[in-house]
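Heads up, the thing below is written out as structure tokens.
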Amino acid sequence: MSSYQKELEKYRDIDEDEILRTLSPEELEQLDCELQEMDPENMLLPAGLRQRDQTKKSPTGPLDRDALLQYLEQQALDVKERDDLVPFTGEKKGKPYIQPKREIPAQEQITLEPELEEALSHATDAEMCDIAAILGMYTLMSNKQYYDAICSGEICNTEGISSVVQPDKYKPVPDEPPNPTNIEEMLKRVRSNDKELEEVNLNNIQDIPIPMLSELCEAMKANTYVRSFSLVATKSGDPIANAVADMLRENRSLQSLNIESNFISSTGLMAVLKAVRENATLTELRVDNQRQWPGDAVEMEMATVLEQCPSIVRFGYHFTQQGPRARAAQAMTRNNELRRQQKKR
């Protein structure tokens, strides 16, 4: 048996109850405090469970936050401020630093003609800035000052030599006026095959009913004078794209078609492209900026259509794949060359 176990043996027969009965109330309270399990390092526990309650005073009432703040402020005002060890008198000590003048060596001194000396001595900051820009001293000024002085034939710098970048003045751009086109009147003129009507522009009119647009495309089938048909940002979808495709199969006078910035899917674009193959008068087609990307198959179909339709010389679409982009660029170059040769004849 070890010495530690021998020490414990003498406490084996002690009667704990008898010891507790002999303790006074103060001793029992102290024992209760010692037996409490506290964890002062655990920050997740509230303060009451991390330390013992050592307050002997009885509570004075519920918490009054405003009264407590007022008491703390008054107590802080009543505390006398500590005197400074060295009082401030405002006296300046020492001498101010004066940068010594650097003497320019004789070999570095530049002597100008009297006329130039007099001109530079009376030059303003703006003129000096322009001269520095002309001499290529771009490190002495901002990029805007440098390019303004180089590109402009007049003195336009008013800030002087400064490398601090200044923001450009905001120029408000007025909103575009709404499209004044009367759709019902336009539909009547298209149906009547008006000779003076050569352009149908419904751009940015977003409340056109789908049946009216379908009727307009139906009327365009027999029209022989309209050369340009534009439906940009009209919230047109696949039904309108199918109506446009049917119109292209029968119309023989339309030269420009613009259906950019709409909600046409790949199915609607494929229908339009298939109809373009059956149209020999269309020279310009724009289908970019739809709500969703049409896909690789549609881009390949676009390149095929441009290769098979030599009449198209302007095509508006931003290809995402390298293969269709290269084929379309080659086809457009060939179509424009064919058009140039036809004009020479």
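Naming works like this for the structure tokens: A, B, ... for the chains as they're shown, residue 1 at the start of each chain, ligands 1 onward in shown order.
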message: Residues near A:Asp246, anyone? I mean within 9 Å using only C-alpha atoms, not counting same-chain ones fewer than 4 positions away, as a VMD selection string.
response: chain A and resid 217 to 218 221 241 to 242 250 to 251 271 to 272 275
Dump of N, CA and C atoms for the selected residues, as a compact mmCIF listing (two decimals), in the first residue's frame:
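Ended up saving to selection-v1.txt:
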```
# COMPACT_ATOMS: atom_id res chain seq x y z
N CYS A 217 -47.58 41.17 -89.18
CA CYS A 217 -46.76 40.26 -89.97
C CYS A 217 -47.56 39.63 -91.10
N GLU A 218 -48.84 39.38 -90.85
CA GLU A 218 -49.69 38.82 -91.91
C GLU A 218 -49.89 39.83 -93.04
N LYS A 221 -46.99 40.19 -95.64
CA LYS A 221 -46.79 39.16 -96.67
C LYS A 221 -47.06 39.71 -98.06
N ALA A 241 -42.02 35.26 -83.60
CA ALA A 241 -40.95 34.76 -84.47
C ALA A 241 -41.50 33.84 -85.55
N ASN A 242 -42.46 33.00 -85.21
CA ASN A 242 -43.07 32.14 -86.22
C ASN A 242 -43.85 32.96 -87.25
N GLU A 250 -43.08 34.65 -97.91
CA GLU A 250 -43.94 35.18 -98.97
C GLU A 250 -43.55 36.59 -99.40
N ASN A 251 -42.94 37.38 -98.50
CA ASN A 251 -42.59 38.75 -98.85
C ASN A 251 -41.38 38.76 -99.79
N ALA A 271 -36.71 28.86 -86.62
CA ALA A 271 -37.77 29.05 -87.62
C ALA A 271 -37.47 30.24 -88.51
N VAL A 272 -36.97 31.32 -87.93
CA VAL A 272 -36.64 32.51 -88.73
C VAL A 272 -35.49 32.20 -89.69
N ALA A 275 -36.59 30.24 -92.65
CA ALA A 275 -37.36 31.05 -93.59
C ALA A 275 -36.47 31.98 -94.39
```
message: So that I can check the surroundings of A:Gln308, please list as a PyMOL selection string every protein, DNA and RNA residue that reaches within 10 Å of it, counting only C-alpha atoms and ignoring chain neighbours fewer than 5 positions away.
response: chain A and resi 276-277+302-303+331+335
statement: From atom CA of A:Gln99 to atom CA of A:Thr111 the spacing works out at 25.4 Å
- request: Quick one: pick out all alpha helix (DSSP H) residues within stretch 132-309 of chain A from a backbone DSSP run and write them as an MDAnalysis selection string.
  value: chainID A and resid 132:134 143:151 183:191 210:220 238:250 266:276 296:308
task: Write out as a ChimeraX atom specification which residues come within 9 Å of stretch 316-327 of chain A when counting only C-alpha atoms, dropping same-chain ones fewer than 4 positions away.
output: /A:258,260,284-289,296,299-304,306-307,331-332
- line: From atom CA of A:Gly268 to atom CA of A:Ala297 the spacing works out at 12.9 Å
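Atom CA of A:Lys57 sits 24.3 Å away from atom CA of A:Asp39.
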